[in-house]
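What follows is a set of notes on a single structure, which appears directly below.
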Amino acid sequence: MSARILIADDKQVSLWSTSKILRSYEGWEVCAEAENGQQALSKAVELKPDVVILDLAMPVMNGLQAASEIGKVLPSVPIVLYTLYNLPPLELEAKRVGVRQVVSKPDSEALFKTVQSLLADKAETTPGVSQLAESGTQLATG
């Protein structure tokens, strides 16, 4: 069973690099990519990923708005805000709308550790998800 991750970022280079990094971990799958918060919401509802990673500054619907809406329909899905704008007031607002963790770009190691931790937490509370957190412990070969 793979951990299914949805990523939303309006910057194509950032979306591509984040997706590539997460796909490099064995057992993790990027199930969808979105270019704005509205697309992220639609894809999250459709695909029900294990983790959602959102950029803050996106058109149509920003990351905080998307997190709030995703949290209403998928309250058990952990949401990460992956942003350049990681300031204490933003972290407070993010937590208020349901974001579990704010991670500063471009710290891919912190993003990996956050996703791994969220999957481990989810595994403890969700039957059938026990292998997901352990899956991302090594780089895929090949």
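Identifiers in the structure tokens: chain A, B, ... in order shown; residue index from 1 per chain; ligand index from 1 in order shown.
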Could you find all residues in chain A that DSSP calls strand (DSSP E or B) from the backbone, and write them as a PDB file with C-alpha atoms, in the first residue's frame?
ATOM      1  CA  ALA A   3       1.033   6.682   0.842  1.00  0.00           C
ATOM      2  CA  ARG A   4      -0.950   8.942  -1.492  1.00  0.00           C
ATOM      3  CA  ILE A   5       0.061  12.613  -1.467  1.00  0.00           C
ATOM      4  CA  LEU A   6      -1.622  15.571  -3.176  1.00  0.00           C
ATOM      5  CA  ILE A   7       0.534  18.636  -3.892  1.00  0.00           C
ATOM      6  CA  ALA A   8      -0.716  22.109  -4.833  1.00  0.00           C
ATOM      7  CA  TYR A  25      10.773   7.832  -1.372  1.00  0.00           C
ATOM      8  CA  TRP A  28       5.069   7.254  -1.477  1.00  0.00           C
ATOM      9  CA  GLU A  29       2.947   8.215  -4.467  1.00  0.00           C
ATOM     10  CA  VAL A  30       1.988  11.691  -5.641  1.00  0.00           C
ATOM     11  CA  CYS A  31      -1.608  10.940  -6.569  1.00  0.00           C
ATOM     12  CA  ALA A  32      -2.337  14.446  -7.898  1.00  0.00           C
ATOM     13  CA  GLU A  33      -0.880  17.872  -8.568  1.00  0.00           C
ATOM     14  CA  ALA A  34      -2.858  21.098  -8.564  1.00  0.00           C
ATOM     15  CA  VAL A  51      -1.649  13.859   3.028  1.00  0.00           C
ATOM     16  CA  VAL A  52      -2.207  17.218   1.301  1.00  0.00           C
ATOM     17  CA  ILE A  53       0.659  19.686   0.762  1.00  0.00           C
ATOM     18  CA  LEU A  54      -0.402  23.239  -0.108  1.00  0.00           C
ATOM     19  CA  ILE A  79      -2.603  19.189   5.638  1.00  0.00           C
ATOM     20  CA  VAL A  80       0.865  20.735   5.366  1.00  0.00           C
ATOM     21  CA  LEU A  81       1.434  24.342   4.324  1.00  0.00           C
ATOM     22  CA  TYR A  82       4.753  24.431   2.416  1.00  0.00           C
ATOM     23  CA  THR A  83       5.618  28.097   1.969  1.00  0.00           C
ATOM     24  CA  GLN A 101       2.220  21.773  10.122  1.00  0.00           C
ATOM     25  CA  VAL A 102       3.817  24.738   8.357  1.00  0.00           C
ATOM     26  CA  VAL A 103       7.131  23.947   6.637  1.00  0.00           C
ATOM     27  CA  SER A 104       9.488  26.507   5.136  1.00  0.00           C
ATOM     28  CA  LEU A 139      15.088   6.410  -1.308  1.00  0.00           C
TER      29      LEU A 139
END
- Message: Using DSSP assignments from the backbone, pull out every residue in stretch 7-97 of chain A that falls under alpha helix (DSSP H) and give it to me as a count of residues only.
- Response: 43
- Could you name the residues that touch stretch 62-73 of chain A at 10 Å or less, counting only C-alpha atoms, but leaving out those on the same chain fewer than 2 positions away, as an NGL selection string? :A and (8-10 or 36-45 or 48 or 52-60 or 75-83 or 90 or 93-100)
May I have the residues from that selection written out with C-alpha atoms, as an mmCIF file, in the first residue's frame?
data_model
loop_
_atom_site.group_PDB
_atom_site.id
_atom_site.type_symbol
_atom_site.label_atom_id
_atom_site.label_comp_id
_atom_site.auth_asym_id
_atom_site.auth_seq_id
_atom_site.Cartn_x
_atom_site.Cartn_y
_atom_site.Cartn_z
ATOM 1 C CA ALA A 8 -0.716 22.109 -4.833
ATOM 2 C CA ASP A 9 1.558 24.939 -5.948
ATOM 3 C CA ASP A 10 1.047 27.564 -8.646
ATOM 4 C CA ASN A 36 -4.422 26.438 -7.296
ATOM 5 C CA GLY A 37 -6.444 25.850 -4.150
ATOM 6 C CA GLN A 38 -9.700 25.185 -5.986
ATOM 7 C CA GLN A 39 -8.088 22.385 -8.006
ATOM 8 C CA ALA A 40 -6.550 21.016 -4.796
ATOM 9 C CA LEU A 41 -9.972 20.936 -3.135
ATOM 10 C CA SER A 42 -11.585 19.170 -6.105
ATOM 11 C CA LYS A 43 -8.793 16.612 -6.381
ATOM 12 C CA ALA A 44 -8.735 16.001 -2.621
ATOM 13 C CA VAL A 45 -12.470 15.281 -2.592
ATOM 14 C CA LYS A 48 -8.996 11.233 -0.786
ATOM 15 C CA VAL A 52 -2.207 17.218 1.301
ATOM 16 C CA ILE A 53 0.659 19.686 0.762
ATOM 17 C CA LEU A 54 -0.402 23.239 -0.108
ATOM 18 C CA ASP A 55 1.501 26.358 -1.094
ATOM 19 C CA LEU A 56 0.209 29.545 0.514
ATOM 20 C CA ALA A 57 0.140 32.070 -2.332
ATOM 21 C CA MET A 58 -1.932 30.540 -5.121
ATOM 22 C CA PRO A 59 -4.529 32.037 -7.461
ATOM 23 C CA VAL A 60 -8.272 31.306 -7.352
ATOM 24 C CA PRO A 75 -11.194 16.195 8.453
ATOM 25 C CA SER A 76 -8.922 13.182 8.973
ATOM 26 C CA VAL A 77 -6.551 14.108 6.126
ATOM 27 C CA PRO A 78 -3.500 15.982 7.451
ATOM 28 C CA ILE A 79 -2.603 19.189 5.638
ATOM 29 C CA VAL A 80 0.865 20.735 5.366
ATOM 30 C CA LEU A 81 1.434 24.342 4.324
ATOM 31 C CA TYR A 82 4.753 24.431 2.416
ATOM 32 C CA THR A 83 5.618 28.097 1.969
ATOM 33 C CA LEU A 90 0.818 32.735 9.587
ATOM 34 C CA GLU A 93 -3.772 31.283 11.239
ATOM 35 C CA ALA A 94 -2.800 28.050 9.505
ATOM 36 C CA LYS A 95 -3.422 26.019 12.661
ATOM 37 C CA ARG A 96 -6.761 27.791 13.106
ATOM 38 C CA VAL A 97 -7.965 26.609 9.675
ATOM 39 C CA GLY A 98 -6.774 23.026 10.169
ATOM 40 C CA VAL A 99 -3.207 22.916 8.878
ATOM 41 C CA ARG A 100 -1.238 20.408 10.931
#
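In this model, the gap between atom CA of A:Leu92 and atom CA of A:Glu124 comes to 25.7 Å.
Across A:Val13, A:Leu111, A:Leu47, A:Leu22, the tightest approach to A:Leu74 is made by A:Leu47 when counting only C-alpha atoms.
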